[in-house]
file coords_30.csv (CSV, C-alpha atoms and all ligand atoms)
chain,number,residue,atom,x,y,z
S,1,MET,CA,59.0,-22.7,-31.5
S,2,ASN,CA,59.3,-20.0,-28.9
S,3,ILE,CA,56.4,-18.1,-27.4
S,4,THR,CA,56.7,-15.1,-29.6
S,5,GLN,CA,56.6,-17.2,-32.8
S,6,PHE,CA,53.6,-19.0,-31.3
S,7,GLU,CA,51.8,-15.7,-30.5
S,8,ILE,CA,52.3,-14.5,-34.1
S,9,SER,CA,50.9,-17.7,-35.5
S,10,MET,CA,47.9,-17.4,-33.2
S,11,ASP,CA,47.3,-13.8,-34.2
S,12,ARG,CA,47.2,-15.0,-37.8
S,13,LEU,CA,44.8,-17.8,-37.1
S,14,TYR,CA,42.4,-15.7,-35.1
S,15,GLU,CA,42.5,-12.9,-37.6
S,16,TYR,CA,41.6,-15.4,-40.3
S,17,PHE,CA,38.5,-16.4,-38.3
S,18,ASP,CA,37.8,-12.8,-37.5
S,19,ARG,CA,38.1,-13.4,-33.8
S,20,LYS,CA,40.0,-11.7,-31.0
S,21,THR,CA,43.3,-13.6,-30.0
S,22,PRO,CA,42.7,-15.1,-26.5
S,23,ASN,CA,44.5,-13.7,-23.5
S,24,ASN,CA,48.1,-14.3,-22.7
S,25,ALA,CA,47.4,-16.9,-20.0
S,26,SER,CA,45.7,-19.1,-22.6
S,27,LEU,CA,48.5,-18.6,-25.1
S,28,ILE,CA,51.1,-19.6,-22.5
S,29,GLN,CA,49.2,-22.8,-21.6
S,30,TRP,CA,48.7,-23.8,-25.2
S,31,HIS,CA,52.3,-23.1,-26.1
S,32,LYS,CA,53.4,-25.6,-23.4
S,33,LYS,CA,51.4,-28.3,-25.2
S,34,CYS,CA,53.1,-27.7,-28.5
S,35,GLU,CA,56.4,-25.9,-28.0
S,36,HIS,CA,58.2,-29.0,-29.5
S,37,VAL,CA,56.5,-28.3,-32.8
S,38,PRO,CA,59.2,-26.5,-35.0
S,39,HIS,CA,58.4,-23.0,-36.1
S,40,MET,CA,59.0,-23.9,-39.8
S,41,ALA,CA,55.9,-26.2,-39.7
S,42,MET,CA,53.5,-23.5,-38.3
S,43,ASP,CA,52.6,-21.8,-41.6
S,44,TRP,CA,51.6,-25.2,-43.0
S,45,ILE,CA,49.7,-26.1,-39.8
S,46,ILE,CA,47.8,-22.8,-39.7
S,47,GLY,CA,46.9,-23.3,-43.4
S,48,TRP,CA,45.7,-26.8,-42.6
S,49,MET,CA,43.5,-25.5,-39.8
S,50,THR,CA,42.0,-22.7,-41.9
S,51,ASP,CA,41.3,-25.2,-44.8
S,52,ASN,CA,39.7,-27.7,-42.5
S,53,MET,CA,38.1,-26.0,-39.6
S,54,ASP,CA,35.1,-23.6,-39.4
S,55,SER,CA,36.3,-21.8,-36.3
S,56,PRO,CA,39.5,-21.8,-34.0
S,57,PRO,CA,39.8,-25.2,-32.3
S,58,ARG,CA,38.8,-25.3,-28.6
S,59,ASN,CA,41.7,-27.5,-27.7
S,60,MET,CA,44.5,-25.6,-29.4
S,61,GLY,CA,47.3,-27.8,-28.1
S,62,LYS,CA,45.7,-30.9,-29.4
S,63,ALA,CA,44.9,-29.4,-32.8
S,64,ILE,CA,48.4,-28.1,-33.3
S,65,ASN,CA,49.8,-31.5,-32.4
S,66,ALA,CA,47.4,-33.1,-34.9
S,67,GLY,CA,48.5,-30.6,-37.5
S,68,TRP,CA,52.1,-31.5,-36.7
S,69,TYR,CA,51.5,-35.2,-37.5
S,70,ARG,CA,49.8,-34.2,-40.7
S,71,TYR,CA,52.7,-32.0,-41.6
S,72,GLN,CA,55.1,-34.9,-41.0
S,73,GLU,CA,53.0,-37.3,-43.1
S,74,SER,CA,52.8,-34.7,-45.9
S,75,ASN,CA,56.4,-33.6,-45.8
S,76,PRO,CA,58.5,-36.7,-45.2
S,77,ASN,CA,61.5,-35.1,-47.1
S,78,LYS,CA,61.6,-32.3,-44.6
S,79,ILE,CA,61.8,-34.5,-41.5
S,80,ALA,CA,65.2,-35.8,-40.3
S,81,ARG,CA,65.2,-39.5,-40.5
S,82,TYR,CA,66.4,-41.5,-37.6
S,83,ASN,CA,67.4,-45.2,-38.0
S,84,GLU,CA,66.0,-47.6,-35.5
S,85,THR,CA,68.6,-49.0,-33.1
S,86,PRO,CA,68.1,-52.4,-31.3
S,87,CYS,CA,66.7,-52.1,-27.7
S,88,ASP,CA,65.7,-54.9,-25.4
S,89,GLU,CA,63.3,-52.7,-23.5
S,90,CYS,CA,61.1,-51.4,-26.3
S,91,HIS,CA,62.1,-53.6,-29.2
S,92,GLY,CA,63.3,-50.6,-31.0
S,93,LYS,CA,60.0,-48.8,-31.0
S,94,GLY,CA,61.1,-46.0,-28.7
S,95,ILE,CA,57.8,-46.3,-26.8
S,96,LEU,CA,56.8,-48.6,-23.8
S,97,TRP,CA,53.2,-49.5,-23.3
S,98,TYR,CA,52.0,-50.2,-19.8
S,99,SER,CA,48.8,-50.7,-17.9
S,100,PHE,CA,47.7,-49.9,-14.3
S,101,VAL,CA,44.7,-50.2,-12.1
S,102,GLU,CA,43.5,-46.9,-10.5
S,103,LYS,CA,43.4,-47.1,-6.7
S,104,ASP,CA,39.9,-47.7,-5.3
S,105,SER,CA,38.6,-48.8,-8.6
S,106,ASP,CA,38.9,-51.8,-10.9
S,107,VAL,CA,39.3,-49.8,-14.0
S,108,ARG,CA,42.4,-50.8,-15.9
S,109,TYR,CA,44.1,-48.0,-17.9
S,110,GLN,CA,46.6,-48.4,-20.7
S,111,HIS,CA,49.2,-45.8,-21.3
S,112,ASN,CA,52.6,-45.3,-22.9
S,113,CYS,CA,55.8,-43.5,-22.3
S,114,ILE,CA,59.0,-42.8,-24.0
S,115,CYS,CA,61.7,-45.6,-23.6
S,116,ALA,CA,64.5,-44.2,-21.4
S,117,SER,CA,67.0,-46.9,-22.6
S,118,CYS,CA,67.5,-45.9,-26.2
S,119,GLU,CA,67.2,-43.0,-28.6
S,120,ASN,CA,64.5,-44.5,-30.7
S,121,TRP,CA,62.1,-41.7,-29.7
S,122,LYS,CA,63.8,-39.9,-32.5
S,123,LEU,CA,61.7,-42.0,-34.9
S,124,HIS,CA,58.6,-40.1,-33.6
S,125,PHE,CA,59.8,-36.7,-32.3
S,126,ASN,CA,62.3,-34.1,-33.4
S,127,THR,CA,62.9,-33.0,-29.8
S,128,LEU,CA,61.9,-34.4,-26.4
S,129,LYS,CA,60.8,-31.0,-25.2
S,130,GLY,CA,57.1,-31.3,-24.3
S,131,ALA,CA,57.0,-35.0,-25.4
S,132,GLY,CA,56.4,-36.4,-21.9
S,133,MET,CA,58.2,-38.7,-19.5
S,134,ARG,CA,61.0,-41.1,-20.3
S,135,LEU,CA,61.0,-44.3,-18.2
S,136,ASN,CA,62.5,-47.7,-18.5
S,137,LYS,CA,60.9,-51.1,-17.6
S,138,GLN,CA,62.2,-51.0,-14.0
S,139,ASP,CA,60.7,-47.5,-13.4
S,140,LEU,CA,57.4,-48.9,-14.6
S,141,PHE,CA,57.6,-52.0,-12.4
S,142,ASP,CA,58.6,-49.8,-9.4
S,143,LYS,CA,55.5,-47.7,-9.9
S,144,GLY,CA,53.4,-50.9,-9.9
S,145,TYR,CA,52.6,-50.8,-13.6
S,146,ARG,CA,52.4,-53.8,-15.8
S,147,LEU,CA,54.2,-53.8,-19.1
S,148,GLU,CA,52.0,-54.4,-22.1
S,149,GLY,CA,54.5,-54.7,-24.9
S,150,PRO,CA,56.1,-54.8,-27.3
S,151,SER,CA,58.8,-56.3,-25.2
S,152,LYS,CA,60.7,-59.5,-24.6
S,153,ASP,CA,57.9,-60.6,-22.2
S,154,THR,CA,55.1,-60.0,-24.7
S,155,PRO,CA,56.7,-60.5,-28.1
S,156,ASP,CA,53.4,-60.9,-29.9
S,157,PHE,CA,51.8,-57.8,-28.5
S,158,THR,CA,49.9,-55.8,-31.1
S,159,PRO,CA,48.6,-52.5,-29.9
S,160,LYS,CA,44.9,-52.0,-30.5
S,161,VAL,CA,45.5,-48.4,-31.4
S,162,SER,CA,47.9,-47.3,-34.1
S,163,LEU,CA,51.4,-46.4,-33.1
S,164,LYS,CA,50.7,-42.8,-34.3
S,165,ALA,CA,47.7,-42.5,-32.0
S,166,LEU,CA,49.7,-43.8,-29.1
S,167,VAL,CA,52.6,-41.5,-29.8
S,168,ALA,CA,50.1,-38.6,-30.0
S,169,SER,CA,49.0,-39.4,-26.5
S,170,VAL,CA,52.5,-39.4,-25.0
S,171,GLY,CA,52.8,-36.5,-22.7
S,172,ASP,CA,49.5,-37.1,-21.2
S,173,ILE,CA,50.7,-39.5,-18.5
S,174,PRO,CA,48.7,-39.1,-15.3
S,175,PHE,CA,51.4,-39.2,-12.6
S,201,ZN,ZN,64.2,-48.5,-26.1

call {"tool": "encode", "arguments": {"input": "coords_30.csv", "output": "structure tokens", "more": "lines below"}}
Ligand SMILES: [Zn+2]
result
Amino acid sequence: MNITQFEISMDRLYEYFDRKTPNNASLIQWHKKCEHVPHMAMDWIIGWMTDNMDSPPRNMGKAINAGWYRYQESNPNKIARYNETPCDECHGKGILWYSFVEKDSDVRYQHNCICASCENWKLHFNTLKGAGMRLNKQDLFDKGYRLEGPSKDTPDFTPKVSLKALVASVGDIPF
């Protein structure tokens, strides 16, 4: 959706909660987080928010993305289906999981990115705009990251978090 469509949706949402729509700078920042959400889903998402929330969400980008996943769950017939293709890098999941240790600390972080070697991201996203980085295994190794799976190297890997939660966090990669 473009910025004008987003602004109109935000006006509607804030009007419902009897609040003033936030300033333009906030709207532009929020829009960047959810511009991949199609305009046709926004009526549904705004309805979902007004049904389930008592006030406008503080993290609007996150809330709209959550609404977008709900929309896709609730309207499977409206979402274009993509058939998984074989991929050695991501085992057809379209997502690569990796871990890294932050410099100067022993804390190990786990993250995920979109597989650059196939088009299986289409299983999760309609468009890559705003969906985060696309990397392949070699890119991750070059950055010093360790692959967590699923891959040839770790065929039994089962993510501790659901695929949906992992997909939701794509786009939040700290580099
Ligand atoms: Zn792949």

call {"tool": "closest_residue", "arguments": {"input": "coords_30.csv", "among": "S:Phe125, S:Tyr145, S:Tyr14, S:Trp30", "to": "Tyr82 (chain S)", "atoms": "all atoms listed in the file"}}
result
S:Phe125

call {"tool": "atom_distance", "arguments": {"input": "coords_30.csv", "atom1": "CA of Ser9 (chain S)", "atom2": "CA of Leu128 (chain S)"}}
result
22.0 Å

call {"tool": "closest_residue", "arguments": {"input": "coords_30.csv", "among": "S:His111, S:Lys143, S:His36, S:His91", "to": "ligand ZN 201 (chain S)", "atoms": "only C-alpha atoms and all ligand atoms"}}
result
S:His91

call {"tool": "closest_residue", "arguments": {"input": "coords_30.csv", "among": "S:Asn2, S:Asn112, S:Thr85, S:Thr21", "to": "ligand ZN 201 (chain S)", "atoms": "only C-alpha atoms and all ligand atoms"}}
result
S:Thr85

call {"tool": "residues_around", "arguments": {"input": "coords_30.csv", "residues": "Met1 (chain S)", "least_positions_apart": "5", "cutoff": "7 Å", "atoms": "only C-alpha atoms", "output": "PDB file with C-alpha atoms, in the coordinates of the input"}}
result
ATOM      1  CA  PHE S   6      53.600 -19.000 -31.300  1.00  0.00           C
ATOM      2  CA  GLU S  35      56.400 -25.900 -28.000  1.00  0.00           C
ATOM      3  CA  HIS S  36      58.200 -29.000 -29.500  1.00  0.00           C
ATOM      4  CA  VAL S  37      56.500 -28.300 -32.800  1.00  0.00           C
ATOM      5  CA  PRO S  38      59.200 -26.500 -35.000  1.00  0.00           C
ATOM      6  CA  HIS S  39      58.400 -23.000 -36.100  1.00  0.00           C
TER       7      HIS S  39
END

call {"tool": "atom_distance", "arguments": {"input": "coords_30.csv", "atom1": "CA of Val107 (chain S)", "atom2": "CA of Lys62 (chain S)"}}
result
25.2 Å

call {"tool": "closest_residue", "arguments": {"input": "coords_30.csv", "among": "S:Trp68, S:Trp121, S:Phe100, S:Tyr16", "to": "ligand ZN 201 (chain S)", "atoms": "only C-alpha atoms and all ligand atoms"}}
result
S:Trp121

call {"tool": "closest_residue", "arguments": {"input": "coords_30.csv", "among": "S:Ser117, S:Gln110, S:Ser99, S:Gln5", "to": "ligand ZN 201 (chain S)", "atoms": "all atoms listed in the file"}}
result
S:Ser117

call {"tool": "closest_atom_pairs", "arguments": {"input": "coords_30.csv", "of": "chain S", "to": "ligand ZN 201 (chain S)", "cutoff": "7 Å", "atoms": "only C-alpha atoms and all ligand atoms", "output": "Markdown table"}}
result
| residue | atom | partner | partner_atom | distance |
| --- | --- | --- | --- | --- |
| S:Cys87 | CA | S:ZN201 | ZN | 4.7 |
| S:Asp88 | CA | S:ZN201 | ZN | 6.6 |
| S:Glu89 | CA | S:ZN201 | ZN | 5.0 |
| S:Cys90 | CA | S:ZN201 | ZN | 4.2 |
| S:His91 | CA | S:ZN201 | ZN | 6.3 |
| S:Gly92 | CA | S:ZN201 | ZN | 5.4 |
| S:Lys93 | CA | S:ZN201 | ZN | 6.5 |
| S:Gly94 | CA | S:ZN201 | ZN | 4.8 |
| S:Ile95 | CA | S:ZN201 | ZN | 6.8 |
| S:Cys115 | CA | S:ZN201 | ZN | 4.6 |
| S:Ala116 | CA | S:ZN201 | ZN | 6.4 |
| S:Ser117 | CA | S:ZN201 | ZN | 4.8 |
| S:Cys118 | CA | S:ZN201 | ZN | 4.2 |
| S:Glu119 | CA | S:ZN201 | ZN | 6.7 |
| S:Asn120 | CA | S:ZN201 | ZN | 6.1 |

call {"tool": "atom_distance", "arguments": {"input": "coords_30.csv", "atom1": "CA of Ala63 (chain S)", "atom2": "CA of Val101 (chain S)"}}
result
29.3 Å

call {"tool": "closest_residue", "arguments": {"input": "coords_30.csv", "among": "S:Ala66, S:Ile46, S:Met10, S:Ala41", "to": "Asn23 (chain S)", "atoms": "all atoms listed in the file"}}
result
S:Met10
